[in-house]
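Just input06.cif here, mmCIF, C-alpha atoms; chains and numbers go by the auth columns:
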```cif
data_my_file
loop_
_atom_site.group_PDB
_atom_site.id
_atom_site.type_symbol
_atom_site.label_atom_id
_atom_site.label_comp_id
_atom_site.label_asym_id
_atom_site.label_seq_id
_atom_site.Cartn_x
_atom_site.Cartn_y
_atom_site.Cartn_z
_atom_site.B_iso_or_equiv
_atom_site.auth_seq_id
_atom_site.auth_asym_id
ATOM 1 C CA MET A 1 13.542 -6.927 7.565 0.00 117 L
ATOM 2 C CA GLU A 2 15.966 -9.652 8.570 0.00 118 L
ATOM 3 C CA VAL A 3 16.226 -13.315 7.586 0.00 119 L
ATOM 4 C CA LYS A 4 18.352 -15.655 9.701 0.00 120 L
ATOM 5 C CA ILE A 5 18.915 -19.157 8.377 0.00 121 L
ATOM 6 C CA ASN A 6 20.302 -21.957 10.567 0.00 122 L
ATOM 7 C CA ALA A 7 20.672 -25.670 9.907 0.00 123 L
ATOM 8 C CA GLU A 8 19.815 -27.873 12.860 0.00 124 L
ATOM 9 C CA GLY A 9 19.750 -31.630 12.505 0.00 125 L
ATOM 10 C CA GLY A 10 17.916 -32.324 9.270 0.00 126 L
ATOM 11 C CA LYS A 11 15.934 -29.118 9.571 0.00 127 L
ATOM 12 C CA THR A 12 16.419 -25.615 8.291 0.00 128 L
ATOM 13 C CA LEU A 13 15.304 -23.063 10.858 0.00 129 L
ATOM 14 C CA VAL A 14 14.516 -19.594 9.598 0.00 130 L
ATOM 15 C CA GLU A 15 13.822 -16.529 11.682 0.00 131 L
ATOM 16 C CA LEU A 16 11.950 -13.677 10.001 0.00 132 L
ATOM 17 C CA THR A 17 11.824 -10.252 11.594 0.00 133 L
ATOM 18 C CA GLY A 18 10.476 -6.894 10.445 0.00 134 L
ATOM 19 C CA ARG A 19 8.406 -5.931 7.451 0.00 135 L
ATOM 20 C CA ILE A 20 8.263 -7.254 3.898 0.00 136 L
ATOM 21 C CA ASP A 21 7.082 -4.449 1.656 0.00 137 L
ATOM 22 C CA THR A 22 7.742 -2.641 -1.588 0.00 138 L
ATOM 23 C CA THR A 23 11.096 -1.317 -0.346 0.00 139 L
ATOM 24 C CA ASN A 24 12.657 -4.675 0.469 0.00 140 L
ATOM 25 C CA ALA A 25 10.813 -7.448 -1.397 0.00 141 L
ATOM 26 C CA ASP A 26 13.782 -7.792 -3.779 0.00 142 L
ATOM 27 C CA GLN A 27 16.146 -8.181 -0.829 0.00 143 L
ATOM 28 C CA PHE A 28 13.818 -10.743 0.774 0.00 144 L
ATOM 29 C CA GLN A 29 13.880 -12.722 -2.472 0.00 145 L
ATOM 30 C CA LYS A 30 17.704 -12.752 -2.388 0.00 146 L
ATOM 31 C CA ASP A 31 17.735 -13.657 1.310 0.00 147 L
ATOM 32 C CA ILE A 32 15.534 -16.714 0.846 0.00 148 L
ATOM 33 C CA ALA A 33 17.332 -17.883 -2.325 0.00 149 L
ATOM 34 C CA PRO A 34 19.357 -20.497 -0.341 0.00 150 L
ATOM 35 C CA LEU A 35 16.041 -22.113 0.634 0.00 151 L
ATOM 36 C CA MET A 36 15.208 -22.679 -3.030 0.00 152 L
ATOM 37 C CA GLN A 37 17.743 -25.494 -3.439 0.00 153 L
ATOM 38 C CA GLY A 38 18.500 -28.978 -2.068 0.00 154 L
ATOM 39 C CA ASP A 39 16.499 -32.216 -1.842 0.00 155 L
ATOM 40 C CA ASN A 40 13.716 -32.943 0.658 0.00 156 L
ATOM 41 C CA PRO A 41 13.947 -29.578 2.405 0.00 157 L
ATOM 42 C CA ASP A 42 12.387 -29.390 5.833 0.00 158 L
ATOM 43 C CA ILE A 43 11.955 -25.701 6.572 0.00 159 L
ATOM 44 C CA GLU A 44 10.524 -24.201 9.718 0.00 160 L
ATOM 45 C CA MET A 45 10.044 -20.430 9.788 0.00 161 L
ATOM 46 C CA ASP A 46 9.570 -18.523 13.002 0.00 162 L
ATOM 47 C CA CYS A 47 7.423 -15.532 12.036 0.00 163 L
ATOM 48 C CA SER A 48 6.948 -14.131 15.555 0.00 164 L
ATOM 49 C CA GLY A 49 8.992 -11.037 14.663 0.00 165 L
ATOM 50 C CA MET A 50 7.356 -10.460 11.283 0.00 166 L
ATOM 51 C CA ASP A 51 5.246 -7.300 11.427 0.00 167 L
ATOM 52 C CA TYR A 52 3.848 -6.926 7.931 0.00 168 L
ATOM 53 C CA THR A 53 3.729 -8.309 4.425 0.00 169 L
ATOM 54 C CA SER A 54 2.281 -6.871 1.243 0.00 170 L
ATOM 55 C CA SER A 55 1.269 -8.867 -1.837 0.00 171 L
ATOM 56 C CA GLN A 56 4.901 -8.738 -2.945 0.00 172 L
ATOM 57 C CA GLY A 57 5.876 -10.738 0.128 0.00 173 L
ATOM 58 C CA LEU A 58 3.009 -13.171 -0.454 0.00 174 L
ATOM 59 C CA ARG A 59 4.273 -13.722 -3.991 0.00 175 L
ATOM 60 C CA LEU A 60 7.631 -14.855 -2.586 0.00 176 L
ATOM 61 C CA PHE A 61 6.066 -17.146 0.029 0.00 177 L
ATOM 62 C CA LEU A 62 4.108 -18.754 -2.812 0.00 178 L
ATOM 63 C CA MET A 63 7.286 -19.142 -4.863 0.00 179 L
ATOM 64 C CA LEU A 64 9.021 -20.788 -1.907 0.00 180 L
ATOM 65 C CA GLN A 65 6.082 -23.114 -1.241 0.00 181 L
ATOM 66 C CA LYS A 66 6.023 -24.223 -4.901 0.00 182 L
ATOM 67 C CA SER A 67 9.783 -24.774 -4.859 0.00 183 L
ATOM 68 C CA VAL A 68 9.691 -26.789 -1.621 0.00 184 L
ATOM 69 C CA GLY A 69 6.662 -28.780 -2.813 0.00 185 L
ATOM 70 C CA SER A 70 8.354 -29.706 -6.090 0.00 186 L
ATOM 71 C CA ARG A 71 11.323 -31.059 -4.088 0.00 187 L
ATOM 72 C CA LYS A 72 9.070 -33.176 -1.867 0.00 188 L
ATOM 73 C CA GLY A 73 9.906 -31.058 1.130 0.00 189 L
ATOM 74 C CA LYS A 74 8.035 -29.340 3.923 0.00 190 L
ATOM 75 C CA LEU A 75 7.548 -25.656 4.704 0.00 191 L
ATOM 76 C CA VAL A 76 5.965 -24.636 7.995 0.00 192 L
ATOM 77 C CA LEU A 77 5.352 -21.068 9.171 0.00 193 L
ATOM 78 C CA LYS A 78 5.031 -20.659 12.939 0.00 194 L
ATOM 79 C CA ASN A 79 4.033 -18.027 15.488 0.00 195 L
ATOM 80 C CA MET A 80 2.555 -15.572 13.022 0.00 196 L
ATOM 81 C CA LYS A 81 1.083 -12.349 14.438 0.00 197 L
ATOM 82 C CA PRO A 82 -2.717 -12.161 14.074 0.00 198 L
ATOM 83 C CA GLN A 83 -2.639 -9.191 11.667 0.00 199 L
ATOM 84 C CA VAL A 84 -0.189 -10.928 9.354 0.00 200 L
ATOM 85 C CA ARG A 85 -2.109 -14.178 9.682 0.00 201 L
ATOM 86 C CA GLU A 86 -5.224 -12.357 8.487 0.00 202 L
ATOM 87 C CA VAL A 87 -3.457 -11.426 5.235 0.00 203 L
ATOM 88 C CA PHE A 88 -2.601 -15.092 4.666 0.00 204 L
ATOM 89 C CA ASP A 89 -6.161 -16.116 5.569 0.00 205 L
ATOM 90 C CA ILE A 90 -8.140 -13.766 3.346 0.00 206 L
ATOM 91 C CA THR A 91 -5.938 -14.492 0.336 0.00 207 L
ATOM 92 C CA GLY A 92 -6.310 -18.240 0.842 0.00 208 L
ATOM 93 C CA PHE A 93 -2.568 -18.629 1.422 0.00 209 L
ATOM 94 C CA SER A 94 -3.296 -20.401 4.715 0.00 210 L
ATOM 95 C CA ASN A 95 -4.720 -23.264 2.642 0.00 211 L
ATOM 96 C CA ILE A 96 -1.590 -23.497 0.517 0.00 212 L
ATOM 97 C CA ILE A 97 1.103 -23.075 3.147 0.00 213 L
ATOM 98 C CA THR A 98 1.132 -24.868 6.500 0.00 214 L
ATOM 99 C CA ILE A 99 0.804 -22.314 9.280 0.00 215 L
ATOM 100 C CA LEU A 100 1.021 -23.475 12.886 0.00 216 L
ATOM 101 C CA MET B 1 -4.162 17.206 2.835 0.00 183 O
ATOM 102 C CA LYS B 2 -2.866 16.251 -0.578 0.00 184 O
ATOM 103 C CA LYS B 3 0.341 16.352 -2.530 0.00 185 O
ATOM 104 C CA LYS B 4 1.368 15.756 -6.114 0.00 186 O
ATOM 105 C CA PHE B 5 4.413 13.575 -6.754 0.00 187 O
ATOM 106 C CA ASN B 6 6.152 13.882 -10.100 0.00 188 O
ATOM 107 C CA PRO B 7 7.767 11.789 -11.463 0.00 189 O
ATOM 108 C CA ILE B 8 6.703 8.732 -9.487 0.00 190 O
ATOM 109 C CA LYS B 9 9.250 6.191 -10.667 0.00 191 O
ATOM 110 C CA ASP B 10 10.812 4.534 -7.574 0.00 192 O
ATOM 111 C CA LYS B 11 8.808 6.863 -5.307 0.00 193 O
ATOM 112 C CA SER B 12 6.359 4.291 -3.865 0.00 194 O
ATOM 113 C CA ALA B 13 7.854 4.360 -0.371 0.00 195 O
ATOM 114 C CA GLU B 14 7.864 8.172 -0.215 0.00 196 O
ATOM 115 C CA ILE B 15 4.235 8.397 -1.372 0.00 197 O
ATOM 116 C CA ILE B 16 3.097 5.693 1.077 0.00 198 O
ATOM 117 C CA GLU B 17 4.887 7.419 3.977 0.00 199 O
ATOM 118 C CA TYR B 18 3.330 10.747 3.034 0.00 200 O
ATOM 119 C CA VAL B 19 -0.184 9.278 3.154 0.00 201 O
ATOM 120 C CA MET B 20 0.472 7.318 6.363 0.00 202 O
ATOM 121 C CA SER B 21 1.864 10.400 8.126 0.00 203 O
ATOM 122 C CA SER B 22 -1.401 12.280 7.597 0.00 204 O
ATOM 123 C CA PRO B 23 -2.960 13.710 10.770 0.00 205 O
ATOM 124 C CA ASP B 24 -6.207 12.098 9.572 0.00 206 O
ATOM 125 C CA MET B 25 -4.838 8.623 10.379 0.00 207 O
ATOM 126 C CA PRO B 26 -6.276 6.751 13.382 0.00 208 O
ATOM 127 C CA SER B 27 -4.032 5.606 16.232 0.00 209 O
ATOM 128 C CA ASP B 28 -5.432 2.062 16.378 0.00 210 O
ATOM 129 C CA GLU B 29 -2.683 -0.282 15.190 0.00 211 O
ATOM 130 C CA SER B 30 -4.943 -2.871 13.650 0.00 212 O
ATOM 131 C CA LEU B 31 -6.700 -0.199 11.566 0.00 213 O
ATOM 132 C CA LEU B 32 -3.372 1.336 10.569 0.00 214 O
ATOM 133 C CA PHE B 33 -2.129 -2.059 9.413 0.00 215 O
ATOM 134 C CA LYS B 34 -5.114 -2.465 7.090 0.00 216 O
ATOM 135 C CA ILE B 35 -4.895 1.082 5.802 0.00 217 O
ATOM 136 C CA ARG B 36 -1.142 0.854 5.158 0.00 218 O
ATOM 137 C CA LEU B 37 -1.525 -2.397 3.266 0.00 219 O
ATOM 138 C CA SER B 38 -4.267 -0.910 1.077 0.00 220 O
ATOM 139 C CA VAL B 39 -2.309 2.287 0.442 0.00 221 O
ATOM 140 C CA GLU B 40 0.793 0.312 -0.482 0.00 222 O
ATOM 141 C CA GLU B 41 -1.048 -1.949 -2.920 0.00 223 O
ATOM 142 C CA ALA B 42 -2.944 0.936 -4.555 0.00 224 O
ATOM 143 C CA VAL B 43 0.113 3.207 -4.858 0.00 225 O
ATOM 144 C CA GLU B 44 2.203 0.337 -6.233 0.00 226 O
ATOM 145 C CA ASN B 45 -0.407 -0.307 -8.908 0.00 227 O
ATOM 146 C CA VAL B 46 -0.125 3.266 -10.159 0.00 228 O
ATOM 147 C CA VAL B 47 3.668 3.491 -9.877 0.00 229 O
ATOM 148 C CA ARG B 48 4.222 0.197 -11.686 0.00 230 O
ATOM 149 C CA TYR B 49 1.536 0.180 -14.315 0.00 231 O
ATOM 150 C CA SER B 50 -0.086 3.534 -14.920 0.00 232 O
ATOM 151 C CA TYR B 51 2.665 5.244 -16.881 0.00 233 O
ATOM 152 C CA GLU B 52 5.210 3.974 -19.369 0.00 234 O
ATOM 153 C CA GLY B 53 8.467 3.839 -17.371 0.00 235 O
ATOM 154 C CA GLY B 54 6.892 5.524 -14.352 0.00 236 O
ATOM 155 C CA ILE B 55 7.186 8.933 -15.992 0.00 237 O
ATOM 156 C CA GLY B 56 4.117 10.757 -14.768 0.00 238 O
ATOM 157 C CA TRP B 57 2.465 12.120 -11.664 0.00 239 O
ATOM 158 C CA LEU B 58 0.335 10.856 -8.809 0.00 240 O
ATOM 159 C CA GLU B 59 -1.611 13.024 -6.423 0.00 241 O
ATOM 160 C CA ALA B 60 -2.255 11.405 -3.048 0.00 242 O
ATOM 161 C CA GLY B 61 -4.543 12.823 -0.396 0.00 243 O
ATOM 162 C CA THR B 62 -6.498 12.028 2.739 0.00 244 O
ATOM 163 C CA GLN B 63 -9.670 13.477 4.168 0.00 245 O
ATOM 164 C CA LEU B 64 -11.847 12.824 7.202 0.00 246 O
ATOM 165 C CA SER B 65 -15.639 12.900 6.981 0.00 247 O
ATOM 166 C CA ASP B 66 -17.322 15.799 8.815 0.00 248 O
ATOM 167 C CA ASP B 67 -18.239 13.538 11.726 0.00 249 O
ATOM 168 C CA GLY B 68 -14.651 12.232 11.853 0.00 250 O
ATOM 169 C CA LEU B 69 -15.808 8.629 11.577 0.00 251 O
ATOM 170 C CA GLU B 70 -14.623 7.901 8.069 0.00 252 O
ATOM 171 C CA LEU B 71 -11.206 8.230 6.487 0.00 253 O
ATOM 172 C CA MET B 72 -11.004 8.755 2.745 0.00 254 O
ATOM 173 C CA ILE B 73 -7.833 8.206 0.738 0.00 255 O
ATOM 174 C CA VAL B 74 -7.802 9.533 -2.809 0.00 256 O
ATOM 175 C CA LEU B 75 -5.244 8.684 -5.483 0.00 257 O
ATOM 176 C CA ARG B 76 -5.328 10.550 -8.791 0.00 258 O
ATOM 177 C CA ASP B 77 -3.120 10.003 -11.836 0.00 259 O
ATOM 178 C CA ALA B 78 -3.192 10.848 -15.530 0.00 260 O
ATOM 179 C CA GLY B 79 -1.862 7.519 -16.788 0.00 261 O
ATOM 180 C CA THR B 80 -3.504 4.796 -18.837 0.00 262 O
ATOM 181 C CA PRO B 81 -7.224 4.598 -18.016 0.00 263 O
ATOM 182 C CA PHE B 82 -7.570 1.528 -15.811 0.00 264 O
ATOM 183 C CA ASN B 83 -10.368 0.484 -13.492 0.00 265 O
ATOM 184 C CA PRO B 84 -8.796 -1.967 -11.026 0.00 266 O
ATOM 185 C CA LEU B 85 -12.238 -2.899 -9.706 0.00 267 O
ATOM 186 C CA GLU B 86 -13.099 -4.513 -13.033 0.00 268 O
ATOM 187 C CA ARG B 87 -10.317 -6.989 -12.525 0.00 269 O
ATOM 188 C CA GLU B 88 -11.519 -10.449 -11.601 0.00 270 O
ATOM 189 C CA ASP B 89 -10.772 -11.510 -8.026 0.00 271 O
ATOM 190 C CA PRO B 90 -8.105 -14.204 -7.711 0.00 272 O
ATOM 191 C CA ASP B 91 -9.263 -17.733 -6.931 0.00 273 O
ATOM 192 C CA VAL B 92 -8.314 -17.929 -3.252 0.00 274 O
ATOM 193 C CA THR B 93 -9.153 -21.633 -3.109 0.00 275 O
ATOM 194 C CA ALA B 94 -6.746 -22.732 -5.861 0.00 276 O
ATOM 195 C CA ALA B 95 -3.845 -25.098 -5.071 0.00 277 O
ATOM 196 C CA ALA B 96 -0.305 -23.688 -4.889 0.00 278 O
ATOM 197 C CA GLU B 97 0.587 -24.996 -8.368 0.00 279 O
ATOM 198 C CA ASP B 98 -2.422 -23.206 -9.870 0.00 280 O
ATOM 199 C CA ARG B 99 -2.142 -19.967 -7.947 0.00 281 O
ATOM 200 C CA ASP B 100 -1.509 -16.874 -9.978 0.00 282 O
ATOM 201 C CA ILE B 101 -0.327 -13.848 -8.065 0.00 283 O
ATOM 202 C CA GLY B 102 -1.998 -11.333 -10.372 0.00 284 O
ATOM 203 C CA GLY B 103 -4.799 -9.237 -8.937 0.00 285 O
ATOM 204 C CA LEU B 104 -3.858 -9.994 -5.351 0.00 286 O
ATOM 205 C CA GLY B 105 -2.995 -6.391 -4.503 0.00 287 O
ATOM 206 C CA ILE B 106 -6.335 -4.849 -5.390 0.00 288 O
ATOM 207 C CA PHE B 107 -8.112 -7.844 -3.862 0.00 289 O
ATOM 208 C CA LEU B 108 -6.368 -7.073 -0.555 0.00 290 O
ATOM 209 C CA CYS B 109 -7.479 -3.415 -0.816 0.00 291 O
ATOM 210 C CA LYS B 110 -11.083 -4.537 -1.264 0.00 292 O
ATOM 211 C CA GLN B 111 -10.873 -6.804 1.770 0.00 293 O
ATOM 212 C CA MET B 112 -9.072 -4.351 4.036 0.00 294 O
ATOM 213 C CA MET B 113 -11.077 -1.202 3.258 0.00 295 O
ATOM 214 C CA ASP B 114 -14.819 -0.662 3.681 0.00 296 O
ATOM 215 C CA ASN B 115 -15.364 0.821 0.264 0.00 297 O
ATOM 216 C CA ILE B 116 -13.380 1.404 -2.922 0.00 298 O
ATOM 217 C CA ALA B 117 -14.617 3.488 -5.827 0.00 299 O
ATOM 218 C CA TYR B 118 -13.066 4.267 -9.186 0.00 300 O
ATOM 219 C CA ARG B 119 -13.901 6.943 -11.699 0.00 301 O
ATOM 220 C CA TYR B 120 -12.256 8.373 -14.804 0.00 302 O
ATOM 221 C CA GLU B 121 -12.628 12.122 -14.931 0.00 303 O
ATOM 222 C CA ASP B 122 -10.938 14.888 -16.963 0.00 304 O
ATOM 223 C CA GLY B 123 -8.316 12.458 -18.218 0.00 305 O
ATOM 224 C CA CYS B 124 -7.530 11.111 -14.740 0.00 306 O
ATOM 225 C CA ASN B 125 -7.896 7.815 -12.907 0.00 307 O
ATOM 226 C CA ILE B 126 -9.357 8.578 -9.491 0.00 308 O
ATOM 227 C CA LEU B 127 -9.370 5.833 -6.864 0.00 309 O
ATOM 228 C CA THR B 128 -11.137 6.548 -3.578 0.00 310 O
ATOM 229 C CA MET B 129 -10.734 4.171 -0.644 0.00 311 O
ATOM 230 C CA THR B 130 -12.820 4.591 2.490 0.00 312 O
ATOM 231 C CA LYS B 131 -12.334 3.119 5.945 0.00 313 O
ATOM 232 C CA ARG B 132 -14.653 3.490 8.936 0.00 314 O
ATOM 233 C CA LEU B 133 -12.655 4.449 12.008 0.00 315 O
#
```
Structure rendered as structure tokens:
Amino acid sequence: MEVKINAEGGKTLVELTGRIDTTNADQFQKDIAPLMQGDNPDIEMDCSGMDYTSSQGLRLFLMLQKSVGSRKGKLVLKNMKPQVREVFDITGFSNIITIL
Amino acid sequence: MKKKFNPIKDKSAEIIEYVMSSPDMPSDESLLFKIRLSVEEAVENVVRYSYEGGIGWLEAGTQLSDDGLELMIVLRDAGTPFNPLEREDPDVTAAAEDRDIGGLGIFLCKQMMDNIAYRYEDGCNILTMTKRL
């Protein structure tokens, strides 16, 4: 699993690749820690390279969404693979987080 | 095939890989995705919660039905008696602020597999998950 974070204009672009599972959820939490600070964050995540997430990954997406929401910001997940999208759909996370 | 892991503390990944490497597994990627997710959530539940400090054993096994159309995954442990199916499903319509992450793992298992059964027998939790192939 790899997380690349780039600032571009007023936006934060994030590229997620690989799998988020029991072996690396702690690392993922550390990797996205920089996204948990700052005012009015505008975060766009490219999930085209993300192959898998377990409930531990979902927990961290929820944490990030709550954090961004409380700072009046925006979080958008893009280009999710259908299998991963299904996990977000059946857990209702697609209603909580904007997925394009 | 089946194998007993003891102790199971920090062994989730090894147990999951053992189950997923079974010759009983299908080759279809979409099925494998669902099975892996269910195995991970179910194994994690046992490793994290069944024993105090993860000091205990877990036996994991797979089996195909005689007609080869159904895969069965069985997890057995001797930890605290716990029926995960009695746990209330999370409210998947709740807003982000009200969402609680508890119970999401077993809920995913229920959605991804075709059938899940639990029984407590001879001092053991036995969870059986079935997927039509």
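Nearest to Ser194 in chain O of all the residues O:Lys313, O:Arg218, O:Arg230, O:Arg258 is O:Arg230, based on all atoms listed in the file.
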Do you know which residues the PyMOL selection byres ((chain O) within 6 of (chain L)) returns on this file, as a PDB file with C-alpha atoms, in the coordinates of the input?
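result-v4.pdb was written with the following content:
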```pdb
ATOM      1  CA  VAL O 274      -8.314 -17.929  -3.252  1.00  0.00           C
ATOM      2  CA  THR O 275      -9.153 -21.633  -3.109  1.00  0.00           C
ATOM      3  CA  ALA O 278      -0.305 -23.688  -4.889  1.00  0.00           C
ATOM      4  CA  GLY O 287      -2.995  -6.391  -4.503  1.00  0.00           C
TER       5      GLY O 287
END
```
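Our summary of the geometry notes that CA of Gln153 in chain L is positioned 25.3 Å from CA of Gly284 in chain O.
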Neighbouring residues of Asp155 in chain L were defined as those with any atom within 8 Å, considering only C-alpha atoms; residues of the same chain fewer than 6 positions away were excluded. Please report them as a ChimeraX atom specification. /L:187-189
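Residues matched by the PyMOL selection byres ((chain L and resi 131) around 7) in this file: Val119, Lys120, Ile121, Leu129, Val130, Leu132, Thr133, Met161, Asp162 and Cys163 of chain L.
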Running the PyMOL selection byres ((chain O and resi 202-215) around 10) on this model by hand, what would come out? Give it as a ChimeraX atom specification. /L:167-169,198-200 /O:183-184,196-201,216-222,243-247,250-255,294-295,313-315
Using all atoms listed in the file, can you tell me which of O:Leu267, O:Ile288, O:Ala299, O:Ile283 comes closest to Asn227 in chain O? O:Ile288
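Take the candidates O:Leu290, O:Gly261, O:Val256, O:Ala276 and check each one against Cys306 in chain O using only C-alpha atoms; the shortest distance goes to O:Gly261.
Residues with any atom within 8 Å of Asn297 in chain O, counting only C-alpha atoms and excluding same-chain neighbours fewer than 5 positions away, are Lys292, Met311, Thr312 and Lys313 of chain O.
Candidate residues L:Lys190, L:Thr214, L:Val184, L:Lys197 were compared for distance to Pro150 in chain L, and the nearest is L:Val184, using all atoms listed in the file.
Distance-wise, CA of Ala242 in chain O and CA of Phe289 in chain O end up 20.1 Å apart.
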So that I can check the surroundings of Gly235 in chain O, please list as a PyMOL selection string every protein, DNA and RNA residue that reaches within 12 Å of it, counting all atoms listed in the file and ignoring chain neighbours fewer than 2 positions away. chain O and resi 189-192+228-233+237-239+261
Could you jot down the CA of Tyr302 in chain O to CA of Thr262 in chain O separation for me, Å, one decimal place? 10.3 Å
Quick one: everything within 10 Å of Gly126 in chain L, counting only C-alpha atoms, minus sequence neighbours fewer than 5 positions away in the same chain. Send it as a ChimeraX atom specification. /L:156-159
Could you tell me which of L:Gly165, L:Ala149, L:Glu160, L:Gly154 comes closest to Ile136 in chain L if we count all atoms listed in the file? L:Gly165
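Comparing the minimum interatomic distances between Val192 in chain L and each of L:Ile215, L:Arg135, L:Asp142, L:Met117, counting only C-alpha atoms, we find that L:Ile215 sits nearest.
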